[in-house]
>>> print(open('data_6.cif').read())   # mmCIF, C-alpha atoms and all ligand atoms
data_query
loop_
_atom_site.label_atom_id
_atom_site.label_comp_id
_atom_site.auth_asym_id
_atom_site.auth_seq_id
_atom_site.Cartn_x
_atom_site.Cartn_y
_atom_site.Cartn_z
CA MET A 1 195.06 16.10 125.43
CA VAL A 2 192.09 18.44 125.01
CA GLN A 3 189.96 17.32 122.10
CA LYS A 4 188.49 19.52 119.43
CA ILE A 5 184.76 19.07 119.61
CA ILE A 6 184.03 21.52 116.80
CA ASP A 7 186.35 22.32 113.92
CA ILE A 8 185.24 24.70 111.21
CA ILE A 9 187.49 25.42 108.24
CA ASP A 10 186.85 28.07 105.56
CA LEU A 11 183.12 27.89 105.99
CA GLN A 12 180.87 30.05 103.80
CA LYS A 13 177.13 30.42 103.85
CA SER A 14 174.94 32.21 101.35
CA PHE A 15 171.18 32.33 100.96
CA LYS A 16 169.25 32.68 97.75
CA PHE A 17 166.89 35.59 98.18
CA SER A 18 164.71 37.27 95.53
CA GLY A 19 166.85 35.82 92.79
CA ASN A 20 170.12 37.05 94.39
CA ARG A 21 172.73 35.17 96.35
CA LEU A 22 173.35 36.83 99.70
CA SER A 23 176.71 35.99 101.21
CA ILE A 24 176.08 35.77 104.97
CA LEU A 25 179.13 33.95 106.39
CA ARG A 26 182.59 34.27 104.86
CA ASN A 27 185.78 32.38 105.60
CA ILE A 28 184.83 31.25 109.06
CA ASN A 29 187.59 29.33 110.82
CA LEU A 30 186.79 28.29 114.36
CA SER A 31 187.76 25.48 116.71
CA VAL A 32 186.13 24.71 120.02
CA HIS A 33 187.71 22.33 122.52
CA THR A 34 185.98 20.01 124.94
CA GLY A 35 185.12 21.81 128.16
CA GLU A 36 185.40 25.31 126.71
CA PHE A 37 182.91 28.14 127.16
CA LEU A 38 183.03 30.22 124.00
CA ALA A 39 181.07 33.38 123.31
CA ILE A 40 180.37 34.43 119.75
CA MET A 41 179.75 38.13 119.84
CA GLY A 42 178.64 40.53 117.15
CA PRO A 43 176.00 43.08 116.22
CA SER A 44 172.52 42.14 115.11
CA GLY A 45 172.50 40.80 111.56
CA SER A 46 176.18 39.82 111.58
CA GLY A 47 175.45 36.11 111.03
CA LYS A 48 175.64 34.72 114.58
CA SER A 49 172.41 32.73 114.45
CA THR A 50 173.21 31.49 110.95
CA LEU A 51 176.49 30.13 112.29
CA MET A 52 174.79 28.60 115.33
CA ASN A 53 172.23 26.91 113.09
CA ILE A 54 175.03 25.32 111.10
CA ILE A 55 176.90 24.27 114.25
CA GLY A 56 173.63 22.81 115.60
CA LEU A 57 173.15 20.82 112.39
CA MET A 58 169.91 22.68 111.62
CA ASP A 59 171.40 24.12 108.43
CA ARG A 60 174.25 23.27 106.07
CA PRO A 61 177.22 25.37 104.99
CA SER A 62 177.40 26.43 101.33
CA SER A 63 181.08 25.43 101.29
CA GLY A 64 183.92 24.61 103.65
CA SER A 65 184.30 21.96 106.29
CA TYR A 66 182.49 21.48 109.59
CA GLN A 67 183.62 18.65 111.83
CA LEU A 68 181.60 17.81 114.92
CA LEU A 69 183.07 15.21 117.29
CA GLY A 70 185.23 13.95 114.45
CA HIS A 71 182.34 13.59 111.98
CA GLU A 72 182.40 15.65 108.79
CA ALA A 73 178.90 17.12 108.94
CA GLY A 74 178.65 17.34 105.16
CA ASN A 75 179.06 13.57 104.83
CA LEU A 76 176.33 12.63 107.29
CA LEU A 77 172.96 11.30 106.25
CA GLU A 78 169.95 13.26 107.47
CA GLU A 79 169.20 10.52 109.99
CA GLU A 80 172.73 10.65 111.38
CA ARG A 81 172.53 14.44 111.65
CA CYS A 82 169.30 14.09 113.62
CA GLN A 83 170.82 11.53 115.92
CA LEU A 84 173.94 13.62 116.61
CA ARG A 85 171.76 16.68 117.20
CA ASN A 86 169.47 14.90 119.65
CA GLN A 87 172.14 13.01 121.53
CA LYS A 88 175.08 15.38 121.63
CA MET A 89 173.61 18.88 121.57
CA GLY A 90 171.32 20.86 123.80
CA PHE A 91 169.71 24.08 122.59
CA VAL A 92 168.83 27.14 124.64
CA PHE A 93 166.89 29.95 122.94
CA GLN A 94 166.36 33.66 123.55
CA SER A 95 162.57 33.26 123.69
CA PHE A 96 162.75 29.93 125.56
CA ASN A 97 160.63 28.08 122.94
CA LEU A 98 158.69 26.08 125.52
CA LEU A 99 155.43 24.38 124.61
CA PRO A 100 152.78 26.56 126.27
CA ARG A 101 150.24 23.85 127.04
CA PHE A 102 152.75 21.57 128.75
CA SER A 103 154.05 21.70 132.31
CA ALA A 104 157.71 22.40 133.02
CA GLN A 105 158.22 18.68 133.59
CA ARG A 106 156.63 17.65 130.30
CA ASN A 107 158.61 20.28 128.41
CA VAL A 108 161.81 18.76 129.77
CA GLU A 109 160.64 15.28 128.77
CA ILE A 110 160.17 16.22 125.10
CA PRO A 111 163.75 15.62 123.86
CA MET A 112 163.76 12.27 125.68
CA LEU A 113 160.92 11.00 123.48
CA TYR A 114 163.53 10.09 120.84
CA GLY A 115 165.54 7.97 123.23
CA GLY A 116 163.03 5.21 123.96
CA LEU A 117 163.07 5.74 127.72
CA ALA A 118 160.16 4.34 129.73
CA PRO A 119 157.69 7.11 130.69
CA VAL A 120 158.39 6.63 134.37
CA GLU A 121 162.13 7.06 133.77
CA ARG A 122 161.51 10.14 131.60
CA LYS A 123 159.51 11.73 134.41
CA ARG A 124 162.14 10.88 136.97
CA ARG A 125 164.92 12.35 134.86
CA ALA A 126 162.89 15.50 134.08
CA ARG A 127 162.26 16.01 137.80
CA GLU A 128 165.93 15.54 138.54
CA LEU A 129 166.93 18.08 135.88
CA LEU A 130 164.40 20.62 137.11
CA GLU A 131 165.79 20.15 140.60
CA ARG A 132 169.24 20.69 139.15
CA VAL A 133 168.23 24.13 137.84
CA GLY A 134 166.49 25.05 141.09
CA LEU A 135 162.89 24.43 140.02
CA SER A 136 161.80 21.44 142.08
CA HIS A 137 158.87 23.58 143.30
CA ARG A 138 157.70 24.42 139.76
CA LEU A 139 157.38 20.98 138.12
CA HIS A 140 153.72 21.32 137.22
CA HIS A 141 153.65 24.98 136.25
CA ARG A 142 153.01 25.83 132.61
CA PRO A 143 155.30 28.41 130.95
CA ILE A 144 152.75 31.22 131.39
CA GLU A 145 152.79 30.50 135.14
CA LEU A 146 156.56 30.97 135.34
CA SER A 147 158.79 34.05 135.39
CA GLY A 148 161.21 34.70 132.53
CA GLY A 149 164.17 33.41 134.52
CA GLU A 150 162.22 30.28 135.50
CA ARG A 151 161.24 29.69 131.86
CA GLN A 152 164.86 29.88 130.84
CA ARG A 153 165.78 27.41 133.60
CA VAL A 154 163.20 25.03 132.17
CA GLY A 155 164.82 25.68 128.76
CA ILE A 156 168.20 24.73 130.21
CA ALA A 157 166.83 21.61 131.92
CA ARG A 158 165.32 20.61 128.57
CA ALA A 159 168.67 21.25 126.84
CA LEU A 160 170.27 18.83 129.33
CA ALA A 161 167.62 16.14 128.81
CA ASN A 162 169.77 13.78 126.75
CA GLN A 163 173.04 14.50 128.54
CA PRO A 164 174.54 16.44 125.63
CA SER A 165 178.26 17.17 125.24
CA VAL A 166 177.63 20.65 123.83
CA ILE A 167 175.17 23.35 124.79
CA LEU A 168 174.33 25.91 122.11
CA ALA A 169 172.73 29.03 123.50
CA ASP A 170 171.58 31.80 121.16
CA GLU A 171 171.13 35.06 123.14
CA PRO A 172 170.06 33.08 126.24
CA THR A 173 169.74 36.21 128.38
CA GLY A 174 168.28 38.42 125.65
CA ASN A 175 164.77 38.45 127.16
CA LEU A 176 165.82 38.65 130.80
CA ASP A 177 166.68 41.53 133.10
CA GLN A 178 170.32 41.89 134.08
CA ARG A 179 170.07 40.13 137.43
CA THR A 180 168.10 37.17 136.11
CA GLY A 181 170.48 37.00 133.16
CA ARG A 182 173.39 36.75 135.58
CA GLU A 183 171.73 33.84 137.37
CA ILE A 184 171.43 32.02 134.06
CA LEU A 185 175.10 32.73 133.33
CA HIS A 186 176.05 31.36 136.77
CA LEU A 187 174.20 28.21 135.87
CA PHE A 188 176.21 27.95 132.63
CA ARG A 189 179.43 28.30 134.61
CA GLU A 190 178.32 25.44 136.86
CA LEU A 191 177.49 23.26 133.89
CA LEU A 192 180.93 24.05 132.52
CA GLU A 193 182.47 22.84 135.77
CA GLU A 194 180.44 19.65 135.32
CA GLY A 195 182.19 19.08 131.98
CA LYS A 196 179.87 20.58 129.39
CA THR A 197 181.14 22.54 126.39
CA ILE A 198 179.16 25.75 125.88
CA LEU A 199 178.79 28.00 122.85
CA MET A 200 176.86 31.15 123.48
CA VAL A 201 175.86 33.84 121.03
CA THR A 202 175.34 37.37 122.30
CA HIS A 203 175.50 40.96 121.13
CA ASP A 204 176.34 42.10 124.68
CA LEU A 205 179.97 42.29 125.85
CA ASP A 206 178.95 42.09 129.53
CA VAL A 207 177.31 38.74 128.77
CA ALA A 208 180.15 37.53 126.53
CA LYS A 209 182.63 38.16 129.36
CA TRP A 210 181.21 35.20 131.26
CA ALA A 211 182.77 32.92 128.67
CA ASP A 212 186.41 31.86 128.73
CA ARG A 213 186.98 33.04 125.19
CA ILE A 214 185.25 35.53 122.93
CA VAL A 215 185.28 35.60 119.14
CA THR A 216 183.75 38.55 117.37
CA ILE A 217 181.84 38.25 114.16
CA GLN A 218 181.14 41.22 111.90
CA ASP A 219 179.44 41.14 108.50
CA GLY A 220 179.78 37.38 108.42
CA SER A 221 183.49 37.20 109.21
CA ILE A 222 185.38 36.59 112.43
CA VAL A 223 187.23 39.84 112.87
CA ALA A 224 189.83 39.19 115.54
CA PRO A 225 192.11 36.31 114.61
CA GLU A 226 190.95 33.38 116.68
CA GLU A 227 194.31 32.95 118.42
CA SER A 228 194.51 36.53 119.62
CA VAL A 229 191.38 36.59 121.75
CA VAL A 230 191.87 37.21 125.44
CA VAL A 231 191.03 34.61 128.02
CA ILE A 232 189.16 36.38 130.79
CA PRO A 233 189.19 34.90 134.29
CA LYS A 234 185.61 34.59 135.42
CA ILE A 235 185.29 32.96 138.79
CA GLU A 236 187.39 35.62 140.55
CA SER A 237 185.24 38.40 139.16
CA ARG A 238 182.08 37.24 140.91
CA THR A 239 180.90 39.37 143.78
CA SER A 240 180.56 37.60 147.13
CA GLN A 241 176.78 37.97 146.86
CA GLU A 242 176.89 36.21 143.50
CA GLN A 243 179.08 33.49 144.97
CA GLN A 244 176.53 32.95 147.70
CA ARG A 245 173.64 32.76 145.23
CA LEU A 246 175.63 30.33 143.17
CA HIS A 247 176.15 28.02 146.11
CA SER A 248 172.53 28.22 147.12
CA LEU A 249 171.31 27.16 143.66
P1 LIG B 301 172.35 37.59 113.89
O1 LIG B 301 171.95 36.34 114.58
O2 LIG B 301 173.81 37.93 114.06
O3 LIG B 301 171.51 38.76 114.27
P2 LIG B 301 171.47 36.19 111.51
O4 LIG B 301 172.44 35.08 111.38
O5 LIG B 301 170.13 35.89 112.02
O6 LIG B 301 172.15 37.39 112.32
O7 LIG B 301 171.29 36.87 110.08
C1 LIG B 301 172.39 37.37 109.32
C2 LIG B 301 171.88 37.90 108.00
O8 LIG B 301 171.43 36.82 107.22
C3 LIG B 301 170.71 38.86 108.11
O9 LIG B 301 170.94 39.94 107.26
C4 LIG B 301 169.53 38.04 107.70
O10 LIG B 301 168.55 38.82 107.10
C5 LIG B 301 170.13 37.06 106.71
N1 LIG B 301 169.42 35.78 106.68
C6 LIG B 301 169.30 34.89 107.70
N2 LIG B 301 168.59 33.81 107.34
C7 LIG B 301 168.25 34.01 106.03
C8 LIG B 301 167.50 33.25 105.07
N3 LIG B 301 166.99 32.06 105.38
N4 LIG B 301 167.34 33.77 103.83
C9 LIG B 301 167.87 34.98 103.52
N5 LIG B 301 168.60 35.73 104.37
C10 LIG B 301 168.79 35.27 105.62
MG MG B 302 170.46 36.02 116.02
#
>>> encode(input="data_6.cif", output="structure tokens", more="lines below")
Ligand code: ADP
Ligand code: MG
Amino acid sequence: MVQKIIDIIDLQKSFKFSGNRLSILRNINLSVHTGEFLAIMGPSGSGKSTLMNIIGLMDRPSSGSYQLLGHEAGNLLEEERCQLRNQKMGFVFQSFNLLPRFSAQRNVEIPMLYGGLAPVERKRRARELLERVGLSHRLHHRPIELSGGERQRVGIARALANQPSVILADEPTGNLDQRTGREILHLFRELLEEGKTILMVTHDLDVAKWADRIVTIQDGSIVAPEESVVVIPKIESRTSQEQQRLHSL
């Protein structure tokens, strides 16, 4: 049976701002199953990143329930939240968020620092992950010496550092041109085939269509009922050129 990896029930989020309470997320109900690629789509300001921050255990809901891998997030101690975040989740950001003074390899090693791996093992694993994303020739380049697409590949290798179950990507192609963005989305599809669960936030329908399922968020609410979203076949829609690129990665 497919397991629910994320289960959100009646979640609300509000922020206190200038003495007022701003209601940002309202009545969010959302389940994500193991091995799914879900896109959360919506216009700027609709609450996508706020929701991703809660799912990534960076922030807490104001009310409602959020279960991650069977744990009720609200009941976890800060230390347990940290542990779940580091061990089970990988984060990919729109602006890559790499450390500028560090090489690609050292950037990928950073999340492993929590795991107590020997330095030599960390280096080996970072190299392996950079090879996995097609960057074996860029191990010692610093972010400024890499193209946007290469930076995002480093970002993805870093997200995979601790072999997470879930990848959370907030506008991962937002700073890339269309072609480079597509290469990143191909990589996500491959990771999906390797068993990862992927949640991706985007404001762009062409990007969202790479997921298996799309939910739309507007003014802090999911507008289409979750059940009614269309499952879009992806693999078939690749052009033969894209297929070739994919296999050469
Ligand atoms: P999106 O990612 O869909 O563009 P966000 O989740 O970043 O939207 O933001 C949704 C709304 O919540 C915005 O109007 C934003 O100004 C507001 N918001 C986000 N974080 C905070 C905060 N810490 N305090 C007050 N308002 C916030
Ligand atoms: Mg955002």
>>> atom_distance(input="data_6.cif", atom1="atom O5 of ligand LIG 301 (chain B)", atom2="CA of Ser44 in chain A")
7.4 Å
>>> closest_residue(input="data_6.cif", among="A:Gly70, A:Gly116, A:Gly56, A:Pro43", to="ligand MG 302 (chain B)", atoms="only C-alpha atoms and all ligand atoms")
A:Pro43
>>> atom_distance(input="data_6.cif", atom1="CA of Gln94 in chain A", atom2="CA of Asn27 in chain A")
26.5 Å
>>> atom_distance(input="data_6.cif", atom1="CA of Glu79 in chain A", atom2="CA of His33 in chain A")
25.3 Å
>>> closest_residue(input="data_6.cif", among="A:Tyr66, A:Leu176, A:Asp212, A:Gly220", to="ligand LIG 301 (chain B)", atoms="all atoms listed in the file")
A:Gly220
>>> residues_near_ligand(input="data_6.cif", ligand="ligand LIG 301 (chain B)", cutoff="12 Å", atoms="all atoms listed in the file", output="MDAnalysis selection string")
chainID A and resid 13:26 40:54 58:60 93:94 169:171 174 200:204 216:222
>>> closest_residue(input="data_6.cif", among="A:Ala211, A:Asn107, A:Arg153, A:Pro172", to="ligand MG 302 (chain B)", atoms="all atoms listed in the file")
A:Pro172
>>> closest_residue(input="data_6.cif", among="A:Ala104, A:Ala39, A:Leu11, A:Leu185", to="Leu205 in chain A", atoms="all atoms listed in the file")
A:Ala39
>>> closest_residue(input="data_6.cif", among="A:Val120, A:Ile6, A:Ser95, A:Leu129", to="ligand MG 302 (chain B)", atoms="only C-alpha atoms and all ligand atoms")
A:Ser95
>>> residues_around(input="data_6.cif", residues="Phe96 in chain A", least_positions_apart="4", cutoff="10 Å", atoms="all atoms listed in the file", output="PDB file with C-alpha atoms, in the frame of the given file")
ATOM      1  CA  PHE A  91     169.710  24.080 122.590  1.00  0.00           C
ATOM      2  CA  VAL A  92     168.830  27.140 124.640  1.00  0.00           C
ATOM      3  CA  PRO A 143     155.300  28.410 130.950  1.00  0.00           C
ATOM      4  CA  GLY A 148     161.210  34.700 132.530  1.00  0.00           C
ATOM      5  CA  GLY A 149     164.170  33.410 134.520  1.00  0.00           C
ATOM      6  CA  GLU A 150     162.220  30.280 135.500  1.00  0.00           C
ATOM      7  CA  ARG A 151     161.240  29.690 131.860  1.00  0.00           C
ATOM      8  CA  GLN A 152     164.860  29.880 130.840  1.00  0.00           C
ATOM      9  CA  ARG A 153     165.780  27.410 133.600  1.00  0.00           C
ATOM     10  CA  VAL A 154     163.200  25.030 132.170  1.00  0.00           C
ATOM     11  CA  GLY A 155     164.820  25.680 128.760  1.00  0.00           C
ATOM     12  CA  ILE A 156     168.200  24.730 130.210  1.00  0.00           C
ATOM     13  CA  PRO A 172     170.060  33.080 126.240  1.00  0.00           C
ATOM     14  CA  THR A 173     169.740  36.210 128.380  1.00  0.00           C
ATOM     15  CA  ASN A 175     164.770  38.450 127.160  1.00  0.00           C
TER      16      ASN A 175
END
>>> closest_residue(input="data_6.cif", among="A:Val133, A:Ile110, A:Ile9, A:Leu38", to="Pro61 in chain A", atoms="only C-alpha atoms")
A:Ile9
>>> residues_around(input="data_6.cif", residues="Phe37 in chain A", least_positions_apart="2", cutoff="12 Å", atoms="all atoms listed in the file", output="NGL selection string")
:A and (5 or 31-35 or 39-40 or 166-169 or 185 or 188-193 or 195-201 or 208-215 or 231-234)
>>> residues_around(input="data_6.cif", residues="Ala161 in chain A", least_positions_apart="2", cutoff="12 Å", atoms="only C-alpha atoms", output="ChimeraX atom specification")
/A:86-92,105-115,117,121-130,132,154-159,163-165,167
